[in-house]
Amino acid sequence: MKEKEKLIRGYTLIELLVSVAVFAILTSAFLAAYSTLTKSVKLAREKTILSGMASQYMEIVRNLPFSEVGTLHGVPSGSLPDETSPVIVVLAPITYKIYYEVTWTDDPSDLTALTGDAYPTDYKQVKMKVLNTTTGQITAFTTSVVPQGLETPNNTGVMQVQVFNSTGQPLADVDVSITGISNGVALNVKTNADGQWVQVGLPPGSNAYHVVASKSGYSTDQTYPLTVENPNPVNPDPTILAGVVTNVPLQIDLLSNLTIKTLNNLCQPINGIGVQTIGAKTIGTSPIVYKFDQTHISGSGSFPAGQIIYNDIEWDTYTPSLTIATLQNYNIRGTSPIQKIDVLPGTSQTFSIILTPPSDHSMLVIVKDATTKAPLEGAMVELQKGGSTPQDYIGYTGGSVWVQNDWTGGAGFADWSSSTPNTYWIADPNIYINNGSNDIQLLKTGGKYPVGATSTLESSTYDTGTGASNFTTITWAPISQDASTTLAMQFAANDDNATWEYVGPDGTNQTYYTVPGTNISASLSNNRYVRYKVFLKTENDKKTPQLSSLNINYVSGCFTPGQYLFDFITPSNGDAYTLTVTLPGYQTFTDTFQVGGNGTVEVLLGK
């Protein structure tokens with residue numbers, strides 16, 4: 001029994017020693033952690049103090065007149081304390097010394113490319129230093145002070161060149177040429193990260209400088225002189241005034257290609273067609289001077305049969321039209337797209353003109369949606385007149401359209417058909433098909449929509465029936481979304497019903513269709529099968545984008561979207577024609593017209 005008690009006491013002692021050792025280890029770790037925490041607290045406090053002093057004492061600098069920004073014993077001189085006479089600040093238990101260093105700073109654009117900068121005193125750099133007298137550590141804060149007017153030699157001015165792309169974003173590393181018309185100035189510089197170049201010290205003069213912005217692979221923009229042909233330029237050669245900043249905005253972007261095809265109603269090429277192509281951009285007013293205005297003959301020179309090719313042109317809205325000589329031999333049956341084409345930066349696009357034999361009296365009727373201005377296919381167009389020679393002509397606007405306004409049939413359908421018009425292929429879990437409205441929207445979880453993430457739905461495959469299909473425009477409803485939400489589209493087309501590469505308006509997967517009525521990328525042309533992909537996103541957990549209907553317009557062969565030509569018709573001879581346009585889902589349009597010669601009528605249908 002005694003031996004057992006001794007054994008028990010022995011174990012108790014061992015346990016006690018182990019416990020003491022463990023306690024000592026924990027205590028040591030705690031003390032080390034406490035020491036680290038204390039240092040962190042002191043460091044954070046130090047940073048807070050320094051930040052507060054920087055804000056307070058830099059504000060003193062900002063409130064000084066520019067001429068007084070300097071130190072008591074330095075150059076430039078001024079009223080700020082320097083190292084020999086610092087400000088003493090005591091925040092127990094530490095004493096701080098605050099002082100300044102001020103130096104002149106030269107603007108590198110100031111005269112360096114002209115005759116050498118005789119005035120290297122453009123700005124002032126102020127460095128405020130805080131000395132911790134306990135640790136000896138110095139912390140510095142720096143700012144620049146700019147005078148109200150740019151420093152420049154007497155009797156000179158400043159030019160600020162700003163270069164943007166087609167969406168208004170600044171472009172860096174653009175070559176800018178500034179040429180003096182009569183003063184010998186010749187500068188070649190590049191824009192900075194903000195798309196700017198500021199040139200100081202230019203001799204004054206009225207319309208005295210010619211400015212050109214260019215970049216490899218991009219279009220060119222410039223200022224224009226006053227000439228007899230262009231007496232009122234939109235962006236004239238700039239005038240420089242002494243002591244004044246003259247702003248020169250220029251806009252460039254990636255070059256594009258445009259192919260114009262002249263075809264008969266069987267889509268066969270026709271050579272020898274004169275086409276004048278005019279862009280929407282102007283470089284002069286009163287009279288209007290277009291930036292792009294060229295006339296060519298299809299199939300001539302190096303052009304392929306029935307084609308006119310414009311390579312390396314800039315983004316613009318181009319309107320091709322037949323020359324007067326060509327109109328004597330042909331009538332326009334329609335165009336694809338309608339009347340004009342929006343050529344986006346960095347794209348290759350096609351405009352087709354469908355021609356018929358000449359007619360003395362004709363009427364081309366173009367039918368569009370009144371809101372989106374998209375062409376409407378399948379509209380019945382009727383032209384009637386009474387009188388001594390009653391006439392009744394009926395036709396339908398060309399082209400075809402794939403319409404989907406219901407997705408409640410569910411996923412897993414590879415091919416879309418008229419027997420399953422409410423199905424699709426696949427969708428993210430966050431996509432919700434509202435059975436009440438048949439809309440596509442985001443799924444609400446816990447009373448909130450998912451914020452920040454993009455959810456997608458991919459359609460079934462639509463078969464146009466021929467590999468010669470060209471997809472023209474995309475429209476959808478509702479036409480606008482809440483500002484905190486995004487609804488976007490991409491499309492894919494092929495001839496094998498297997499390879500789906502979704503692209504946006506520029507033909508790449510980096511862009512998206514976000515505006516109803518947009519032209520579909522020409523890169524998808526001449527394919528049979530098509531799919532679309534919907535992208536939904538919100539930044540507000542109370543709002544969701546939604547899609548209630550979708551129209552994809554396309555033409556197979558040489559049908560003309562939203563257009564119908566009445567040719568070889570009897571002239572009015574005093575009895576007006578009544579034009580009636582009807583399309584399910586739209587209001588009926590009715591108006592009267594006199595028919596004589598060849599005319600065009602544009603009809604906008606409202607819902």
# chains A, B, ... in the order shown; residues from 1 in each chain; ligands from 1

$ residues_around --residues "Gly217 (chain A)" --least-positions-apart "3" --cutoff "12 Å" --atoms "only C-alpha atoms" --output "ChimeraX atom specification"
/A:174,214,220,252-256,311-314,345-346

$ closest_atom_pairs --of "region 425-506 of chain A" --to "region 388-408 of chain A" --cutoff "7 Å" --atoms "only C-alpha atoms" --output "Markdown table"
| residue | atom | partner | partner_atom | distance |
| --- | --- | --- | --- | --- |
| A:Ile433 | CA | A:Thr408 | CA | 6.2 |
| A:Asn435 | CA | A:Thr408 | CA | 6.3 |
| A:Asn438 | CA | A:Asp406 | CA | 5.2 |

$ residues_around --residues "Pro505 (chain A)" --least-positions-apart "3" --cutoff "9 Å" --atoms "only C-alpha atoms" --output "PyMOL selection string"
chain A and resi 344+347+490+508+511-513+518-522

$ closest_residue --among "A:Tyr564, A:Trp500, A:Trp476, A:Phe164" --to "Asp369 (chain A)" --atoms "only C-alpha atoms"
A:Trp476

$ select_by_dssp --residues "region 199-299 of chain A" --states "strand (DSSP E)" --output "PyMOL selection string"
chain A and resi 199-202+209-214+221-222+245-251+256-263+274-279+282-284+289-290+293-297

$ write_last_selection --atoms "C-alpha atoms" --output "PDB file, in the first residue's frame"
ATOM      1  CA  GLN A 199       3.110  71.919 -76.537  1.00  0.00           C
ATOM      2  CA  VAL A 200       4.201  75.137 -74.795  1.00  0.00           C
ATOM      3  CA  GLY A 201       5.906  78.141 -76.341  1.00  0.00           C
ATOM      4  CA  LEU A 202       4.347  78.231 -79.804  1.00  0.00           C
ATOM      5  CA  TYR A 209      -0.425  75.154 -87.519  1.00  0.00           C
ATOM      6  CA  HIS A 210      -1.368  71.901 -89.236  1.00  0.00           C
ATOM      7  CA  VAL A 211      -1.814  68.929 -86.868  1.00  0.00           C
ATOM      8  CA  VAL A 212      -1.980  65.243 -87.876  1.00  0.00           C
ATOM      9  CA  ALA A 213      -2.564  62.186 -85.640  1.00  0.00           C
ATOM     10  CA  SER A 214      -1.568  58.739 -86.942  1.00  0.00           C
ATOM     11  CA  ASP A 221      -7.212  62.447 -88.410  1.00  0.00           C
ATOM     12  CA  GLN A 222      -6.043  65.996 -88.922  1.00  0.00           C
ATOM     13  CA  VAL A 245      -4.306  77.189 -74.325  1.00  0.00           C
ATOM     14  CA  THR A 246      -5.784  76.011 -77.652  1.00  0.00           C
ATOM     15  CA  ASN A 247      -7.382  72.559 -77.576  1.00  0.00           C
ATOM     16  CA  VAL A 248      -7.091  70.328 -80.673  1.00  0.00           C
ATOM     17  CA  PRO A 249      -9.240  67.138 -80.500  1.00  0.00           C
ATOM     18  CA  LEU A 250      -8.513  64.332 -82.995  1.00  0.00           C
ATOM     19  CA  GLN A 251     -10.132  60.899 -83.333  1.00  0.00           C
ATOM     20  CA  SER A 256     -11.652  48.460 -91.639  1.00  0.00           C
ATOM     21  CA  ASN A 257     -12.581  46.977 -95.036  1.00  0.00           C
ATOM     22  CA  LEU A 258     -15.805  47.363 -97.023  1.00  0.00           C
ATOM     23  CA  THR A 259     -16.855  45.249-100.016  1.00  0.00           C
ATOM     24  CA  ILE A 260     -19.731  46.477-102.197  1.00  0.00           C
ATOM     25  CA  LYS A 261     -21.382  43.814-104.357  1.00  0.00           C
ATOM     26  CA  THR A 262     -23.534  44.585-107.403  1.00  0.00           C
ATOM     27  CA  LEU A 263     -25.841  41.625-108.088  1.00  0.00           C
ATOM     28  CA  GLY A 274     -21.010  52.873-111.175  1.00  0.00           C
ATOM     29  CA  VAL A 275     -21.361  53.320-107.395  1.00  0.00           C
ATOM     30  CA  GLN A 276     -20.745  56.499-105.443  1.00  0.00           C
ATOM     31  CA  THR A 277     -19.977  55.805-101.771  1.00  0.00           C
ATOM     32  CA  ILE A 278     -20.245  58.658 -99.269  1.00  0.00           C
ATOM     33  CA  GLY A 279     -19.411  58.517 -95.555  1.00  0.00           C
ATOM     34  CA  THR A 282     -17.852  65.787 -92.782  1.00  0.00           C
ATOM     35  CA  ILE A 283     -14.748  67.964 -92.774  1.00  0.00           C
ATOM     36  CA  GLY A 284     -16.469  71.148 -93.897  1.00  0.00           C
ATOM     37  CA  VAL A 289     -17.467  68.547 -97.638  1.00  0.00           C
ATOM     38  CA  TYR A 290     -17.487  64.816 -96.887  1.00  0.00           C
ATOM     39  CA  ASP A 293     -16.624  60.479-101.166  1.00  0.00           C
ATOM     40  CA  GLN A 294     -15.451  58.068-103.873  1.00  0.00           C
ATOM     41  CA  THR A 295     -16.922  56.666-107.080  1.00  0.00           C
ATOM     42  CA  HIS A 296     -15.826  53.374-108.676  1.00  0.00           C
ATOM     43  CA  ILE A 297     -17.003  50.851-111.279  1.00  0.00           C
TER      44      ILE A 297
END

$ closest_residue --among "A:Gln268, A:Thr95, A:Gln56, A:Gln307" --to "Thr350 (chain A)" --atoms "only C-alpha atoms"
A:Gln307

$ closest_residue --among "A:Leu536, A:Val365, A:Val381, A:Ile426" --to "Val451 (chain A)" --atoms "only C-alpha atoms"
A:Leu536

$ residues_around --residues "Leu50 (chain A)" --least-positions-apart "3" --cutoff "8 Å" --atoms "only C-alpha atoms" --output "JSON, numbers by chain"
{"A": [46, 47, 53, 54, 130, 139]}

$ write_last_selection --atoms "C-alpha atoms" --output "compact mmCIF listing (two decimals), in the first residue's frame"
# COMPACT_ATOMS: atom_id res chain seq x y z
CA GLU A 46 2.88 56.53 -35.76
CA LYS A 47 1.35 56.20 -39.23
CA MET A 53 0.47 66.00 -39.95
CA ALA A 54 0.92 65.49 -43.70
CA VAL A 130 8.86 64.84 -40.65
CA THR A 139 9.25 60.43 -43.37

$ residues_around --residues "region 323-340 of chain A" --least-positions-apart "2" --cutoff "9 Å" --atoms "only C-alpha atoms" --output "PDB file with N, CA and C atoms, in the first residue's frame"
ATOM      1  N   ASN A 264     -27.558  40.716-109.554  1.00  0.00           N
ATOM      2  CA  ASN A 264     -28.924  40.655-110.063  1.00  0.00           C
ATOM      3  C   ASN A 264     -29.791  39.906-109.057  1.00  0.00           C
ATOM      4  N   ASN A 265     -31.081  39.723-109.400  1.00  0.00           N
ATOM      5  CA  ASN A 265     -31.978  39.115-108.412  1.00  0.00           C
ATOM      6  C   ASN A 265     -31.731  37.632-108.202  1.00  0.00           C
ATOM      7  N   GLY A 272     -19.517  46.597-114.273  1.00  0.00           N
ATOM      8  CA  GLY A 272     -19.742  47.877-114.929  1.00  0.00           C
ATOM      9  C   GLY A 272     -20.750  48.776-114.249  1.00  0.00           C
ATOM     10  N   ILE A 273     -21.020  48.530-112.983  1.00  0.00           N
ATOM     11  CA  ILE A 273     -21.989  49.347-112.248  1.00  0.00           C
ATOM     12  C   ILE A 273     -21.250  50.476-111.527  1.00  0.00           C
ATOM     13  N   GLY A 274     -21.619  51.729-111.849  1.00  0.00           N
ATOM     14  CA  GLY A 274     -21.010  52.873-111.175  1.00  0.00           C
ATOM     15  C   GLY A 274     -21.663  53.114-109.822  1.00  0.00           C
ATOM     16  N   VAL A 275     -20.844  53.140-108.757  1.00  0.00           N
ATOM     17  CA  VAL A 275     -21.361  53.320-107.395  1.00  0.00           C
ATOM     18  C   VAL A 275     -20.596  54.451-106.718  1.00  0.00           C
ATOM     19  N   GLN A 276     -21.328  55.439-106.246  1.00  0.00           N
ATOM     20  CA  GLN A 276     -20.745  56.499-105.443  1.00  0.00           C
ATOM     21  C   GLN A 276     -20.975  56.170-103.975  1.00  0.00           C
ATOM     22  N   THR A 295     -16.110  57.340-106.069  1.00  0.00           N
ATOM     23  CA  THR A 295     -16.922  56.666-107.080  1.00  0.00           C
ATOM     24  C   THR A 295     -16.055  55.663-107.832  1.00  0.00           C
ATOM     25  N   THR A 317     -20.418  55.587 -91.196  1.00  0.00           N
ATOM     26  CA  THR A 317     -21.640  55.097 -91.812  1.00  0.00           C
ATOM     27  C   THR A 317     -21.583  55.451 -93.292  1.00  0.00           C
ATOM     28  N   TYR A 318     -21.532  54.432 -94.150  1.00  0.00           N
ATOM     29  CA  TYR A 318     -21.347  54.638 -95.581  1.00  0.00           C
ATOM     30  C   TYR A 318     -22.670  54.397 -96.326  1.00  0.00           C
ATOM     31  N   THR A 319     -22.960  55.282 -97.296  1.00  0.00           N
ATOM     32  CA  THR A 319     -24.172  55.160 -98.109  1.00  0.00           C
ATOM     33  C   THR A 319     -23.770  55.027 -99.574  1.00  0.00           C
ATOM     34  N   PRO A 320     -23.843  53.813-100.145  1.00  0.00           N
ATOM     35  CA  PRO A 320     -23.569  53.636-101.571  1.00  0.00           C
ATOM     36  C   PRO A 320     -24.833  53.950-102.397  1.00  0.00           C
ATOM     37  N   SER A 321     -24.656  54.565-103.551  1.00  0.00           N
ATOM     38  CA  SER A 321     -25.773  54.854-104.454  1.00  0.00           C
ATOM     39  C   SER A 321     -25.284  54.745-105.895  1.00  0.00           C
ATOM     40  N   ASP A 342     -23.169  50.555 -91.384  1.00  0.00           N
ATOM     41  CA  ASP A 342     -22.306  51.050 -90.313  1.00  0.00           C
ATOM     42  C   ASP A 342     -21.059  50.171 -90.251  1.00  0.00           C
ATOM     43  N   THR A 350     -19.762  43.782 -95.692  1.00  0.00           N
ATOM     44  CA  THR A 350     -20.228  43.688 -97.076  1.00  0.00           C
ATOM     45  C   THR A 350     -21.561  44.407 -97.244  1.00  0.00           C
ATOM     46  N   PHE A 351     -21.697  45.116 -98.344  1.00  0.00           N
ATOM     47  CA  PHE A 351     -22.947  45.794 -98.699  1.00  0.00           C
ATOM     48  C   PHE A 351     -23.347  45.329-100.088  1.00  0.00           C
ATOM     49  N   SER A 352     -24.550  44.771-100.210  1.00  0.00           N
ATOM     50  CA  SER A 352     -25.015  44.231-101.491  1.00  0.00           C
ATOM     51  C   SER A 352     -26.098  45.124-102.081  1.00  0.00           C
ATOM     52  N   ILE A 353     -25.974  45.401-103.378  1.00  0.00           N
ATOM     53  CA  ILE A 353     -26.987  46.156-104.122  1.00  0.00           C
ATOM     54  C   ILE A 353     -27.604  45.206-105.147  1.00  0.00           C
ATOM     55  N   ILE A 354     -28.913  44.975-105.030  1.00  0.00           N
ATOM     56  CA  ILE A 354     -29.615  44.060-105.931  1.00  0.00           C
ATOM     57  C   ILE A 354     -30.280  44.895-107.020  1.00  0.00           C
ATOM     58  N   LEU A 355     -29.992  44.567-108.273  1.00  0.00           N
ATOM     59  CA  LEU A 355     -30.421  45.386-109.407  1.00  0.00           C
ATOM     60  C   LEU A 355     -31.398  44.640-110.302  1.00  0.00           C
ATOM     61  N   THR A 356     -32.296  45.398-110.948  1.00  0.00           N
ATOM     62  CA  THR A 356     -33.247  44.845-111.914  1.00  0.00           C
ATOM     63  C   THR A 356     -33.196  45.697-113.179  1.00  0.00           C
ATOM     64  N   PRO A 357     -33.779  45.211-114.277  1.00  0.00           N
ATOM     65  CA  PRO A 357     -33.835  46.035-115.493  1.00  0.00           C
ATOM     66  C   PRO A 357     -34.550  47.352-115.220  1.00  0.00           C
ATOM     67  N   PRO A 358     -34.258  48.381-116.021  1.00  0.00           N
ATOM     68  CA  PRO A 358     -34.831  49.711-115.752  1.00  0.00           C
ATOM     69  C   PRO A 358     -36.341  49.748-115.963  1.00  0.00           C
ATOM     70  N   SER A 359     -37.000  50.581-115.180  1.00  0.00           N
ATOM     71  CA  SER A 359     -38.446  50.783-115.284  1.00  0.00           C
ATOM     72  C   SER A 359     -38.709  52.276-115.237  1.00  0.00           C
ATOM     73  N   SER A 362     -41.568  53.286-110.861  1.00  0.00           N
ATOM     74  CA  SER A 362     -41.414  52.254-109.821  1.00  0.00           C
ATOM     75  C   SER A 362     -41.491  52.904-108.448  1.00  0.00           C
ATOM     76  N   LEU A 364     -39.951  51.812-104.543  1.00  0.00           N
ATOM     77  CA  LEU A 364     -39.293  50.923-103.591  1.00  0.00           C
ATOM     78  C   LEU A 364     -39.823  51.254-102.204  1.00  0.00           C
ATOM     79  N   ILE A 366     -39.680  50.583 -98.219  1.00  0.00           N
ATOM     80  CA  ILE A 366     -38.802  50.090 -97.151  1.00  0.00           C
ATOM     81  C   ILE A 366     -39.586  50.148 -95.847  1.00  0.00           C
ATOM     82  N   PRO A 375     -35.151  46.475 -90.038  1.00  0.00           N
ATOM     83  CA  PRO A 375     -36.023  46.089 -91.149  1.00  0.00           C
ATOM     84  C   PRO A 375     -37.032  45.037 -90.699  1.00  0.00           C
ATOM     85  N   THR A 472     -28.521  39.761 -90.843  1.00  0.00           N
ATOM     86  CA  THR A 472     -28.496  41.217 -91.029  1.00  0.00           C
ATOM     87  C   THR A 472     -28.577  41.998 -89.717  1.00  0.00           C
ATOM     88  N   THR A 473     -29.690  41.884 -88.994  1.00  0.00           N
ATOM     89  CA  THR A 473     -29.850  42.682 -87.778  1.00  0.00           C
ATOM     90  C   THR A 473     -30.435  41.845 -86.642  1.00  0.00           C
ATOM     91  N   ASN A 519     -26.495  45.916 -86.514  1.00  0.00           N
ATOM     92  CA  ASN A 519     -26.163  44.995 -87.605  1.00  0.00           C
ATOM     93  C   ASN A 519     -25.356  43.817 -87.064  1.00  0.00           C
ATOM     94  N   VAL A 555     -31.090  37.039 -94.592  1.00  0.00           N
ATOM     95  CA  VAL A 555     -31.512  36.884 -95.976  1.00  0.00           C
ATOM     96  C   VAL A 555     -30.817  35.664 -96.547  1.00  0.00           C
ATOM     97  N   CYS A 558     -30.674  36.341-102.497  1.00  0.00           N
ATOM     98  CA  CYS A 558     -30.674  37.779-102.715  1.00  0.00           C
ATOM     99  C   CYS A 558     -31.962  38.451-102.298  1.00  0.00           C
ATOM    100  N   PHE A 559     -32.637  37.915-101.328  1.00  0.00           N
ATOM    101  CA  PHE A 559     -33.783  38.617-100.766  1.00  0.00           C
ATOM    102  C   PHE A 559     -33.306  39.886-100.069  1.00  0.00           C
ATOM    103  N   THR A 560     -34.119  40.902-100.117  1.00  0.00           N
ATOM    104  CA  THR A 560     -33.739  42.195 -99.539  1.00  0.00           C
ATOM    105  C   THR A 560     -34.540  42.431 -98.266  1.00  0.00           C
ATOM    106  N   PRO A 561     -33.871  42.561 -97.102  1.00  0.00           N
ATOM    107  CA  PRO A 561     -34.588  42.655 -95.822  1.00  0.00           C
ATOM    108  C   PRO A 561     -35.435  43.923 -95.723  1.00  0.00           C
ATOM    109  N   GLY A 562     -36.719  43.728 -95.401  1.00  0.00           N
ATOM    110  CA  GLY A 562     -37.604  44.864 -95.142  1.00  0.00           C
ATOM    111  C   GLY A 562     -37.930  45.699 -96.365  1.00  0.00           C
ATOM    112  N   GLN A 563     -37.723  45.174 -97.581  1.00  0.00           N
ATOM    113  CA  GLN A 563     -37.918  45.976 -98.796  1.00  0.00           C
ATOM    114  C   GLN A 563     -38.749  45.224 -99.831  1.00  0.00           C
ATOM    115  N   TYR A 564     -39.505  46.014-100.613  1.00  0.00           N
ATOM    116  CA  TYR A 564     -40.224  45.447-101.758  1.00  0.00           C
ATOM    117  C   TYR A 564     -40.283  46.508-102.851  1.00  0.00           C
ATOM    118  N   LEU A 565     -39.978  46.084-104.098  1.00  0.00           N
ATOM    119  CA  LEU A 565     -39.968  47.002-105.236  1.00  0.00           C
ATOM    120  C   LEU A 565     -41.193  46.752-106.112  1.00  0.00           C
ATOM    121  N   PHE A 566     -42.019  47.783-106.275  1.00  0.00           N
ATOM    122  CA  PHE A 566     -43.076  47.780-107.289  1.00  0.00           C
ATOM    123  C   PHE A 566     -42.474  48.403-108.548  1.00  0.00           C
ATOM    124  N   ASP A 567     -42.231  47.601-109.577  1.00  0.00           N
ATOM    125  CA  ASP A 567     -41.676  48.154-110.804  1.00  0.00           C
ATOM    126  C   ASP A 567     -42.657  47.941-111.960  1.00  0.00           C
ATOM    127  N   ASN A 598     -39.196  57.050-110.673  1.00  0.00           N
ATOM    128  CA  ASN A 598     -38.736  56.032-109.725  1.00  0.00           C
ATOM    129  C   ASN A 598     -38.562  56.680-108.349  1.00  0.00           C
TER     130      ASN A 598
END

$ residues_around --residues "Gln481 (chain A)" --least-positions-apart "3" --cutoff "9 Å" --atoms "only C-alpha atoms" --output "PyMOL selection string"
chain A and resi 478+484-487+544-546

$ write_last_selection --atoms "N, CA and C atoms" --output "PDB file, in the first residue's frame"
ATOM      1  N   PRO A 478     -37.427  43.808 -73.799  1.00  0.00           N
ATOM      2  CA  PRO A 478     -37.566  45.266 -73.901  1.00  0.00           C
ATOM      3  C   PRO A 478     -36.302  45.901 -74.467  1.00  0.00           C
ATOM      4  N   SER A 484     -28.541  49.623 -63.685  1.00  0.00           N
ATOM      5  CA  SER A 484     -27.668  48.772 -62.876  1.00  0.00           C
ATOM      6  C   SER A 484     -27.553  47.357 -63.428  1.00  0.00           C
ATOM      7  N   THR A 485     -28.228  47.085 -64.547  1.00  0.00           N
ATOM      8  CA  THR A 485     -28.213  45.737 -65.114  1.00  0.00           C
ATOM      9  C   THR A 485     -27.659  45.766 -66.536  1.00  0.00           C
ATOM     10  N   THR A 486     -27.259  44.584 -67.012  1.00  0.00           N
ATOM     11  CA  THR A 486     -26.711  44.450 -68.363  1.00  0.00           C
ATOM     12  C   THR A 486     -27.342  43.254 -69.064  1.00  0.00           C
ATOM     13  N   LEU A 487     -27.836  43.478 -70.274  1.00  0.00           N
ATOM     14  CA  LEU A 487     -28.291  42.411 -71.160  1.00  0.00           C
ATOM     15  C   LEU A 487     -27.477  42.507 -72.438  1.00  0.00           C
ATOM     16  N   THR A 544     -33.055  43.011 -62.002  1.00  0.00           N
ATOM     17  CA  THR A 544     -32.573  41.977 -62.917  1.00  0.00           C
ATOM     18  C   THR A 544     -32.800  42.420 -64.357  1.00  0.00           C
ATOM     19  N   PRO A 545     -31.863  42.119 -65.266  1.00  0.00           N
ATOM     20  CA  PRO A 545     -32.168  42.309 -66.691  1.00  0.00           C
ATOM     21  C   PRO A 545     -33.175  41.262 -67.124  1.00  0.00           C
ATOM     22  N   GLN A 546     -33.872  41.522 -68.214  1.00  0.00           N
ATOM     23  CA  GLN A 546     -34.839  40.546 -68.697  1.00  0.00           C
ATOM     24  C   GLN A 546     -34.977  40.633 -70.208  1.00  0.00           C
TER      25      GLN A 546
END

$ residues_around --residues "region 75-82 of chain A" --least-positions-apart "5" --cutoff "8 Å" --atoms "only C-alpha atoms" --output "number ranges by chain"
A: 67-70, 87, 98-104

$ closest_residue --among "A:Lys533, A:Lys291, A:Lys215, A:Lys190" --to "Ala427 (chain A)" --atoms "only C-alpha atoms"
A:Lys533

$ select_by_dssp --residues "region 186-345 of chain A" --states "helix (DSSP H, G or I)" --output "ChimeraX atom specification"
/A:324-327

$ write_last_selection --atoms "C-alpha atoms" --output "mmCIF file, in the first residue's frame"
data_model
loop_
_atom_site.group_PDB
_atom_site.id
_atom_site.type_symbol
_atom_site.label_atom_id
_atom_site.label_comp_id
_atom_site.auth_asym_id
_atom_site.auth_seq_id
_atom_site.Cartn_x
_atom_site.Cartn_y
_atom_site.Cartn_z
ATOM 1 C CA ILE A 324 -26.666 58.788 -112.877
ATOM 2 C CA ALA A 325 -25.220 56.871 -115.828
ATOM 3 C CA THR A 326 -25.970 53.517 -114.159
ATOM 4 C CA LEU A 327 -29.541 54.529 -113.232
#

$ atom_distance --atom1 "CA of Pro450 (chain A)" --atom2 "CA of Trp425 (chain A)"
22.3 Å

$ decode --residues "region 135-180 of chain A" --atoms "C-alpha atoms" --output "PDB file, in the first residue's frame"
ATOM      1  CA  THR A 135      14.134  57.282 -33.484  1.00  0.00           C
ATOM      2  CA  GLY A 136      15.835  59.601 -35.958  1.00  0.00           C
ATOM      3  CA  GLN A 137      13.516  58.343 -38.719  1.00  0.00           C
ATOM      4  CA  ILE A 138      12.516  60.819 -41.462  1.00  0.00           C
ATOM      5  CA  THR A 139       9.252  60.429 -43.375  1.00  0.00           C
ATOM      6  CA  ALA A 140       8.777  62.456 -46.568  1.00  0.00           C
ATOM      7  CA  PHE A 141       5.630  63.562 -48.397  1.00  0.00           C
ATOM      8  CA  THR A 142       5.748  65.081 -51.911  1.00  0.00           C
ATOM      9  CA  THR A 143       3.380  67.174 -54.023  1.00  0.00           C
ATOM     10  CA  SER A 144       3.577  69.453 -57.042  1.00  0.00           C
ATOM     11  CA  VAL A 145       2.228  72.998 -57.162  1.00  0.00           C
ATOM     12  CA  VAL A 146       1.184  74.438 -60.524  1.00  0.00           C
ATOM     13  CA  PRO A 147       0.585  78.129 -61.249  1.00  0.00           C
ATOM     14  CA  GLN A 148      -2.864  79.223 -62.411  1.00  0.00           C
ATOM     15  CA  GLY A 149      -1.489  79.863 -65.890  1.00  0.00           C
ATOM     16  CA  LEU A 150       1.112  77.701 -67.585  1.00  0.00           C
ATOM     17  CA  GLU A 151       4.561  79.260 -67.478  1.00  0.00           C
ATOM     18  CA  THR A 152       5.523  80.192 -70.973  1.00  0.00           C
ATOM     19  CA  PRO A 153       7.791  82.771 -72.626  1.00  0.00           C
ATOM     20  CA  ASN A 154       6.247  86.125 -73.387  1.00  0.00           C
ATOM     21  CA  ASN A 155       4.125  86.361 -76.557  1.00  0.00           C
ATOM     22  CA  THR A 156       3.731  82.592 -77.018  1.00  0.00           C
ATOM     23  CA  GLY A 157       0.818  80.190 -76.612  1.00  0.00           C
ATOM     24  CA  VAL A 158       0.044  76.600 -75.763  1.00  0.00           C
ATOM     25  CA  MET A 159      -1.481  73.793 -77.871  1.00  0.00           C
ATOM     26  CA  GLN A 160      -3.114  70.801 -76.176  1.00  0.00           C
ATOM     27  CA  VAL A 161      -3.607  67.902 -78.611  1.00  0.00           C
ATOM     28  CA  GLN A 162      -6.047  65.201 -77.433  1.00  0.00           C
ATOM     29  CA  VAL A 163      -6.447  61.938 -79.373  1.00  0.00           C
ATOM     30  CA  PHE A 164      -9.424  59.619 -78.785  1.00  0.00           C
ATOM     31  CA  ASN A 165     -10.715  56.390 -80.330  1.00  0.00           C
ATOM     32  CA  SER A 166     -14.219  55.877 -81.761  1.00  0.00           C
ATOM     33  CA  THR A 167     -15.741  55.431 -78.284  1.00  0.00           C
ATOM     34  CA  GLY A 168     -14.075  58.522 -76.825  1.00  0.00           C
ATOM     35  CA  GLN A 169     -11.316  56.695 -74.947  1.00  0.00           C
ATOM     36  CA  PRO A 170      -7.849  58.345 -74.938  1.00  0.00           C
ATOM     37  CA  LEU A 171      -5.153  56.727 -77.100  1.00  0.00           C
ATOM     38  CA  ALA A 172      -1.520  56.566 -75.973  1.00  0.00           C
ATOM     39  CA  ASP A 173       1.594  56.413 -78.202  1.00  0.00           C
ATOM     40  CA  VAL A 174      -0.092  58.119 -81.143  1.00  0.00           C
ATOM     41  CA  ASP A 175       2.248  59.958 -83.515  1.00  0.00           C
ATOM     42  CA  VAL A 176       1.381  63.659 -83.598  1.00  0.00           C
ATOM     43  CA  SER A 177       2.822  65.985 -86.225  1.00  0.00           C
ATOM     44  CA  ILE A 178       2.648  69.747 -85.577  1.00  0.00           C
ATOM     45  CA  THR A 179       3.752  71.854 -88.548  1.00  0.00           C
ATOM     46  CA  GLY A 180       3.897  75.637 -88.611  1.00  0.00           C
TER      47      GLY A 180
END
